[in-house]
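Structure first, then comments.
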Amino acid sequence: MRAFDYARPGAVDAAIATHAKADSAYLAGGTTLLDLTKIDIMQPEQVVDINGLGLDRIERLEDGRVRVGALVTNTALARHELIETHYPVLSQALLSGASTQLRNKATTGGNVMQRVRCPYFRDGASPCNKREPGSGCSAIGGVNRETFAVLGTSEQCIAAHPSDMCVAMAAIGATVSVHGPKGTREIDFGAFHLLPGSTPEREHALEPDELITHVTLNAPERDARSGYLKLRDRASYQFALASCAAHLTLKGGVIRSPRIALGGVATKPWRALEAERILEGKTPSKALFEQAAKAAFKTATAYEHNAFKIPLGQHAIIAELGELTGLATTQEAS
Amino acid sequence: MTEYFDPKTQGGATSKSRRNFLKTVGASGVAAASTPLWAQTTQARAAETPEGDPVKASAPAPGMSRIQLNVNGVERTVDVAPQMVLLDVLRNELGLTGTKKGCDQGQCGACTVLVNGQAINSCLSLAISHQSDEITTIEGLERDGELHPVQQAFWEHDAFQCGYCTSGQIMSAVAVLNDDRIGQSDAAVREAMSGNICRCGAYKNILAAVQDARKTMKGGV
């Protein structure tokens, strides 16, 4: 691994000031940063270790929201009583991601900042607009199966966002708290990750030197039910081909406040807003779920090797909604 | 004219079978005369500890930091560059070569060690950031010359072929068996240990060993 300077500040302001002094990267769990530095995709001159900032707590705020420190590990978050009780979708999503060892190191803030798993991005040699703007996208005419999107793609980039955790957070609803040289601000979770468009090198809403300090989850809703379904090439330790996080309540036999998010199929954690509109106020039925699933992929673009993700993603929605509402949905969807 | 090597007629070390060669290396502590040079170096380094760590009395070289690491209950002093990962420091600086380098990218689990009781990939963690942690490697499991129950179970169940992933598998298994949040079913163990890849495919015996060790440990070691 290339050499870099190392600093471990004891306060957030000091971390930001130190970060601003050089071409820097914040080090949380390191499972993305050190991996990508080893293969020379990231080349920080300085690594600012933020493990000494005390950002490793989970707390319930007075308004009922749950504030998660950026340094809370994926394991600690998944196993926390508040999360297991009120946000099973988040616990399930976290535990379906990566391996035990990686979850023990990977953090909440780091997972939000996770980079894509496109092999052309990672190989350091192929044309890639994300790695080297303007060089072209090798995936569009290349092998574009497992880690590639059908939603939110552009002619510049089709890499899927790899996170499971973020899909659950998109379904729950959250805000990202950020500290920077100009002070603090809150970013709506849905606005944090950017679509590739014509600037795939811009992946998120952070300004230079800004640091994620917390992710705050929307207050749990009474009687809400939620769950995460992940479909992949092998049963464990694999990125999603398609996944569905669903969050809803059933009142008087009808669906209220449905929130559906998709993973593995989109260039960012993807809210299926059209599907949510179809489900709102309706009685659960297989036909309804099929209609919602179809709407969720209305704008999808299939590429040579990943067209199967459209029906697979639809099945994920139908199956998860069936699970949450108690409807059997084992029959083939049309 | 081509010369063929016939192990039956050649004398010396080259006539040793692979099995005997490995046995000799494994028993290098009592057979130093026949130990290859690289193993002697490792052995010498290991013998320096804990009394003498591989740092000089003078200040660390430019760009290096002198740090303390608590490894297997012993405070070790070592000079590291910031980018040195825990795996490389354990193996190359502290002579603890039981922890293996497989993929070096957090994908295979061969480098698994325990940090404060939790299994992590030591290839994806900077040594310099572990100064207040308790690190346990495969070398730290035995007690008074007795194998840890998980080591014993791996031995008894033949839970390996080539053995390269074994120390990582054992460290993960120890963490799994000490974590009451992880279920006890075969499926739960498989899931919890999916970050340890065995390319020989010894999974069946590994699982049997872990479940057998669970009975021996009876609630934690």
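FYI, nothing fancy with the structure tokens labels: chains A, B, ... in order, residues from 1 per chain, ligands from 1 as they appear.
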If we count only C-alpha atoms, which residues of chain B reach to within 7 Å of chain A? Please list them as a VMD selection string. chain B and resid 82 to 83 105 118 to 121 124 to 125 191 to 195
Keeping only C-alpha atoms, take the residues you just selected and write them out as a compact mmCIF listing (two decimals), in the first residue's frame.
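File produced: out15.txt:
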```txt
# COMPACT_ATOMS: atom_id res chain seq x y z
CA PRO B 82 1.13 4.54 9.14
CA GLN B 83 0.10 2.40 6.19
CA GLN B 105 -8.46 -7.46 0.49
CA GLN B 118 -14.42 -9.50 17.99
CA ALA B 119 -13.26 -11.15 14.79
CA ILE B 120 -11.83 -8.75 12.21
CA ASN B 121 -9.83 -8.95 8.99
CA LEU B 124 -7.88 -4.17 6.42
CA SER B 125 -6.93 -2.52 9.68
CA GLU B 191 -23.80 -17.76 8.14
CA ALA B 192 -21.60 -16.33 10.89
CA MET B 193 -18.49 -17.91 9.35
CA SER B 194 -19.22 -17.12 5.72
CA GLY B 195 -16.36 -14.62 5.76
```
Please return, as JSON, numbers by chain, all residues of segment 139-250 of chain A that DSSP assigns to helix (DSSP H, G or I) on the basis of the backbone. {"A": [165, 166, 167, 168, 169, 170, 171, 172, 189, 190, 191, 192]}
Saved selection, atoms kept: N, CA and C atoms, as a PDB file, in the first residue's frame:
```pdb
ATOM      1  N   MET A 165     -27.462  -1.566   4.028  1.00  0.00           N
ATOM      2  CA  MET A 165     -27.871  -0.678   5.110  1.00  0.00           C
ATOM      3  C   MET A 165     -28.598   0.557   4.583  1.00  0.00           C
ATOM      4  N   CYS A 166     -28.047   1.145   3.514  1.00  0.00           N
ATOM      5  CA  CYS A 166     -28.618   2.385   2.989  1.00  0.00           C
ATOM      6  C   CYS A 166     -30.012   2.165   2.409  1.00  0.00           C
ATOM      7  N   VAL A 167     -30.261   0.972   1.887  1.00  0.00           N
ATOM      8  CA  VAL A 167     -31.586   0.680   1.327  1.00  0.00           C
ATOM      9  C   VAL A 167     -32.616   0.688   2.460  1.00  0.00           C
ATOM     10  N   ALA A 168     -32.248   0.072   3.584  1.00  0.00           N
ATOM     11  CA  ALA A 168     -33.149   0.076   4.739  1.00  0.00           C
ATOM     12  C   ALA A 168     -33.358   1.491   5.259  1.00  0.00           C
ATOM     13  N   MET A 169     -32.290   2.289   5.308  1.00  0.00           N
ATOM     14  CA  MET A 169     -32.423   3.670   5.796  1.00  0.00           C
ATOM     15  C   MET A 169     -33.306   4.497   4.863  1.00  0.00           C
ATOM     16  N   ALA A 170     -33.213   4.241   3.571  1.00  0.00           N
ATOM     17  CA  ALA A 170     -34.069   4.954   2.619  1.00  0.00           C
ATOM     18  C   ALA A 170     -35.543   4.619   2.888  1.00  0.00           C
ATOM     19  N   ALA A 171     -35.815   3.375   3.253  1.00  0.00           N
ATOM     20  CA  ALA A 171     -37.197   2.979   3.533  1.00  0.00           C
ATOM     21  C   ALA A 171     -37.677   3.562   4.858  1.00  0.00           C
ATOM     22  N   ILE A 172     -36.819   3.594   5.842  1.00  0.00           N
ATOM     23  CA  ILE A 172     -37.198   4.139   7.151  1.00  0.00           C
ATOM     24  C   ILE A 172     -37.358   5.658   7.073  1.00  0.00           C
ATOM     25  N   PHE A 189     -31.770  11.978   3.821  1.00  0.00           N
ATOM     26  CA  PHE A 189     -31.085  10.781   3.338  1.00  0.00           C
ATOM     27  C   PHE A 189     -31.305  10.570   1.833  1.00  0.00           C
ATOM     28  N   GLY A 190     -32.516  10.872   1.370  1.00  0.00           N
ATOM     29  CA  GLY A 190     -32.829  10.679  -0.050  1.00  0.00           C
ATOM     30  C   GLY A 190     -32.040  11.591  -0.965  1.00  0.00           C
ATOM     31  N   ALA A 191     -31.531  12.699  -0.407  1.00  0.00           N
ATOM     32  CA  ALA A 191     -30.770  13.652  -1.219  1.00  0.00           C
ATOM     33  C   ALA A 191     -29.263  13.474  -1.052  1.00  0.00           C
ATOM     34  N   PHE A 192     -28.871  12.555  -0.172  1.00  0.00           N
ATOM     35  CA  PHE A 192     -27.433  12.429   0.107  1.00  0.00           C
ATOM     36  C   PHE A 192     -26.678  11.810  -1.063  1.00  0.00           C
TER      37      PHE A 192
END
```
May I ask which of the residues A:Leu229, A:Leu53, A:Cys128, A:Ile140 is the closest one to Glu304 of chain A, counting only C-alpha atoms? A:Ile140
Quick check, in Å to one decimal: how far apart do atom CA of His80 of chain A and atom CA of Ala175 of chain B lie?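 Interatomic distance, atom CA of His80 of chain A to atom CA of Ala175 of chain B: 18.4 Å.
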With a distance cut-off of 12 Å and only C-alpha atoms, select the neighbouring residues of His148 of chain B, excluding the residue or stretch itself and same-chain residues fewer than 3 positions from it, and output the selection as a ChimeraX atom specification. /B:138-145,151-155,170-171,173-174,210,213-214,216-217,220-221
I need the strand (DSSP E or B) residues of segment 110-328 of chain A per DSSP on the backbone, written as a PyMOL selection string. chain A and resi 128+137+148+151+159+174-180+183-188+193+204+211-217+225-231+242-251+254-263+266+270-271
For segment 250-255 of chain A, work out the shell of residues within 7 Å, counting only C-alpha atoms and skipping chain neighbours fewer than 6 positions away, then give it as a list in words. Leu279, Glu280, Gly281, Lys282, Thr283 and Pro284 of chain A
Set the distance at 7 Å and use only C-alpha atoms: which residues neighbour Leu126 of chain B once local chain neighbours fewer than 3 positions away are removed? I'd like the list as a list in words.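 Contacts, in chain order: Gln83, Met84, Val85, Leu86 and Ser129 of chain B.
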Need the shell around Arg60 of chain A: protein/DNA/RNA residues with any atom at most 10 Å away, counting only C-alpha atoms. Skip same-chain ones fewer than 5 positions apart. Format as a list in words?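 In the requested form, the answer reads Arg65, Val66, Arg67, Val68, Leu82, Thr216, Leu217 and Ala219 of chain A.
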Okay, now the selection with C-alpha atoms, as a short mmCIF file (atom, residue, chain, number, x, y, z; two decimals), in the first residue's frame?
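This went into out-v7.cif:
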```cif
data_model
loop_
_atom_site.label_atom_id
_atom_site.label_comp_id
_atom_site.auth_asym_id
_atom_site.auth_seq_id
_atom_site.Cartn_x
_atom_site.Cartn_y
_atom_site.Cartn_z
CA ARG A 65 -36.00 9.71 16.48
CA VAL A 66 -32.98 7.46 16.91
CA ARG A 67 -29.57 9.07 16.44
CA VAL A 68 -26.79 6.76 15.33
CA LEU A 82 -33.80 -0.12 19.67
CA THR A 216 -30.74 10.03 12.54
CA LEU A 217 -33.58 7.64 11.79
CA ALA A 219 -39.18 8.12 14.70
#
```
Residue neighbourhood Ser65 of chain B, 7 Å, only C-alpha atoms, exclusion window fewer than 2 positions, as a list in words: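 Contacts, with the query itself left out: Pro60, Gly63, Ile67, Asp79, Val80 and Ala81 of chain B.
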Please write the residues from the selection above to a file, keeping C-alpha atoms, as a compact mmCIF listing (two decimals), in the first residue's frame.
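Written out: part.txt:
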```txt
# COMPACT_ATOMS: atom_id res chain seq x y z
CA PRO B 60 12.20 5.34 15.23
CA GLY B 63 8.22 8.23 8.91
CA ILE B 67 3.70 2.02 19.16
CA ASP B 79 8.02 0.69 14.94
CA VAL B 80 5.43 1.01 12.19
CA ALA B 81 4.71 3.19 9.18
```
As an exercise, work out the distance from atom CA of Pro311 of chain A to atom CA of Gly142 of chain A in Å and give it to one decimal place.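 Answer for the atom CA of Pro311 of chain A to atom CA of Gly142 of chain A separation: 21.5 Å.
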Length of the atom CA of Cys198 of chain B to atom CA of Ile182 of chain B vector [Å]: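 According to the coordinates, atom CA of Cys198 of chain B and atom CA of Ile182 of chain B are separated by 21.1 Å.
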